[in-house]
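To start, the structure itself, in structure tokens.
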Amino acid sequence: GANFDAETNLANVPGVNVSDAVAGNPAAGKTYSFFISSFNGSASNTEADVMANATAYFTAALATADVVIDETYAWNPSAYSFDSFLSTYGLTSSSDLKFVQNSMVLRLDRTVSEGNGLDWFESRIAKPDWAVEGLAHSLFADASKRPKYFRNIATGEGVDQVLTKAMCGSALPVCEDVHSKFINITGPVDEEVAPTPAPVVSVPTPAPTPASTPAHT
């Protein structure tokens, strides 16, 4: 497969704004954004007209896309479904777009906290290997891969990984009066270790000052 060529496919979409995905680092990729108001070609257009115009450009730009990852904000991820996606983008299930017909619409909200915070953004330590495995699971419907982060809303995958406080097995020093633990990014948490005492430096004791002897005349 290949990444979507946004520069080419969005060239004819009005009002597109291009910025660095990582500020100050052009090599990290680009973010393309535009407002629905950019598609209001006439003051007499209704909201439905504007949405229909935007949808027409949207479908034309994504005609060659096989998979879409939808990052639309949803305060309650569990309530966001494939129907939500279709409604948001002015599409229907009968659309001839490949990612609609082939049921390939993914989201990043499979793994969340009890307060619906997305682990994709809020995880304490980055795990790119988990992300790749989770993507493969949803992208290829590969049951041999562990599901993580991604879910395919077009096939009905839900938010089935809720992280709770009870799952945390290590007491961190910022939370309780415990010894620090080393957290190895590429491996398991090390056993609890006590802090290393500061080294003791010996300072030689100065020799005593001899008592003064009275002078005799």
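Letters A, B, ... go to the chains of the structure tokens in the order shown; residues in each chain start at 1; ligands are counted from 1 in the same order.
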
Residues flagged strand (DSSP E) by DSSP in range 6-181 of chain A, as a list in words: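 Those in range 6-181 of chain A that DSSP calls strand (DSSP E) are Asn17, Val18, Ser19, Asp20, Lys30, Thr31, Tyr32, Ser33, Val68, Ile69, Val105, Leu106, Arg107, Thr111, Val112, Ser113, Arg151, Asn152, Gln161, Val162 and Leu163 of chain A.
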
Hey, what's within 10 Å of Thr31 in chain A if we count only C-alpha atoms and toss same-chain stuff fewer than 3 positions away? As a PyMOL selection string, please? chain A and resi 6+16-22+28

Create the file for the chosen residues now, containing N, CA and C atoms and written as a JSON list (two decimals), in the first residue's frame.
```json
[["chain", "number", "residue", "atom", "x", "y", "z"],
["A", 6, "ALA", "N", -1.89, 13.60, -0.35],
["A", 6, "ALA", "CA", -2.78, 14.73, -0.07],
["A", 6, "ALA", "C", -2.47, 15.93, -0.95],
["A", 16, "VAL", "N", -8.07, 24.99, 1.29],
["A", 16, "VAL", "CA", -7.22, 24.07, 2.04],
["A", 16, "VAL", "C", -6.04, 24.84, 2.66],
["A", 17, "ASN", "N", -5.82, 24.61, 3.95],
["A", 17, "ASN", "CA", -4.70, 25.21, 4.66],
["A", 17, "ASN", "C", -3.68, 24.13, 4.97],
["A", 18, "VAL", "N", -2.42, 24.37, 4.65],
["A", 18, "VAL", "CA", -1.36, 23.39, 4.85],
["A", 18, "VAL", "C", -0.40, 23.89, 5.92],
["A", 19, "SER", "N", -0.10, 23.06, 6.91],
["A", 19, "SER", "CA", 0.84, 23.42, 7.96],
["A", 19, "SER", "C", 1.70, 22.21, 8.31],
["A", 20, "ASP", "N", 2.82, 22.45, 9.00],
["A", 20, "ASP", "CA", 3.68, 21.35, 9.43],
["A", 20, "ASP", "C", 2.98, 20.53, 10.51],
["A", 21, "ALA", "N", 2.99, 19.22, 10.36],
["A", 21, "ALA", "CA", 2.39, 18.35, 11.38],
["A", 21, "ALA", "C", 3.10, 18.53, 12.72],
["A", 22, "VAL", "N", 4.43, 18.75, 12.67],
["A", 22, "VAL", "CA", 5.22, 19.07, 13.85],
["A", 22, "VAL", "C", 5.84, 20.44, 13.60],
["A", 28, "ALA", "N", 8.52, 16.09, 9.03],
["A", 28, "ALA", "CA", 7.63, 15.22, 9.81],
["A", 28, "ALA", "C", 6.28, 15.03, 9.15]]
```

Can you list every residue of range 36-78 of chain A that has an atom at most 12 Å from range 139-142 of chain A, with its nearest atom pair and the distance in Å to one decimal, using only C-alpha atoms, ordered by chain then number, as a Markdown table?
```
| residue | atom | partner | partner_atom | distance |
| --- | --- | --- | --- | --- |
| A:Asp66 | CA | A:Leu139 | CA | 10.4 |
| A:Val67 | CA | A:Leu139 | CA | 8.3 |
| A:Val68 | CA | A:Leu139 | CA | 10.4 |
| A:Ile69 | CA | A:Leu139 | CA | 10.4 |
```

Any chance you can output those residues with N, CA, C and O atoms as a PDB file, in the first residue's frame?
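Printed below is selection36.pdb as written:
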```pdb
ATOM      1  N   ASP A  66      -8.273   3.671   0.029  1.00  0.00           N
ATOM      2  CA  ASP A  66      -8.779   2.352   0.431  1.00  0.00           C
ATOM      3  C   ASP A  66      -9.207   2.320   1.891  1.00  0.00           C
ATOM      4  O   ASP A  66     -10.110   1.568   2.266  1.00  0.00           O
ATOM      5  N   VAL A  67      -8.522   3.116   2.719  1.00  0.00           N
ATOM      6  CA  VAL A  67      -8.785   3.120   4.161  1.00  0.00           C
ATOM      7  C   VAL A  67      -8.774   4.564   4.650  1.00  0.00           C
ATOM      8  O   VAL A  67      -7.939   5.370   4.219  1.00  0.00           O
ATOM      9  N   VAL A  68      -9.688   4.877   5.555  1.00  0.00           N
ATOM     10  CA  VAL A  68      -9.729   6.208   6.172  1.00  0.00           C
ATOM     11  C   VAL A  68      -9.636   6.031   7.683  1.00  0.00           C
ATOM     12  O   VAL A  68     -10.286   5.146   8.253  1.00  0.00           O
ATOM     13  N   ILE A  69      -8.815   6.867   8.327  1.00  0.00           N
ATOM     14  CA  ILE A  69      -8.765   6.898   9.784  1.00  0.00           C
ATOM     15  C   ILE A  69      -9.451   8.183  10.227  1.00  0.00           C
ATOM     16  O   ILE A  69      -8.941   9.282   9.988  1.00  0.00           O
TER      17      ILE A  69
END
```

Mind checking which residues fall within 8 Å of Gly90 in chain A, counting only C-alpha atoms, ignoring those fewer than 2 positions away in the same chain, and posting them as a list in words?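 These residues fall inside the cut-off: Met51, Ala52, Thr55, Leu86, Ser87, Thr88 and Thr92 of chain A.
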
If I take CA of Asn152 in chain A and CA of Ile36 in chain A, how far is one from the other in Å, to one decimal?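 Interatomic distance here is 25.7 Å.
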
Out of A:Asn40, A:Ser138, A:Asn76, A:Asn3, which residue has the shortest atom-to-atom distance to Arg151 in chain A when counting only C-alpha atoms?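 Among the listed residues, A:Ser138 lies closest to Arg151 in chain A.
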
d(CA of Gly156 in chain A, CA of Ala54 in chain A) in Å: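 Calculated distance between CA of Gly156 in chain A and CA of Ala54 in chain A is 26.6 Å.
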
What does the distance from CA of Tyr57 in chain A to CA of Ser33 in chain A come to in Å, to one decimal? 13.4 Å

Compile the contact shell of range 99-114 of chain A as a count of residues only: residues with an atom at most 7 Å away, counting only C-alpha atoms, same-chain residues fewer than 3 positions apart removed. 30

Among the residues A:Phe121, A:Phe35, A:Trp75, A:Tyr80, the one that comes closest to Val50 in chain A [using only C-alpha atoms]: A:Phe35

Running DSSP on the backbone, which parts of range 64-98 of chain A land in alpha helix (DSSP H), as a PyMOL selection string? chain A and resi 82-88+98
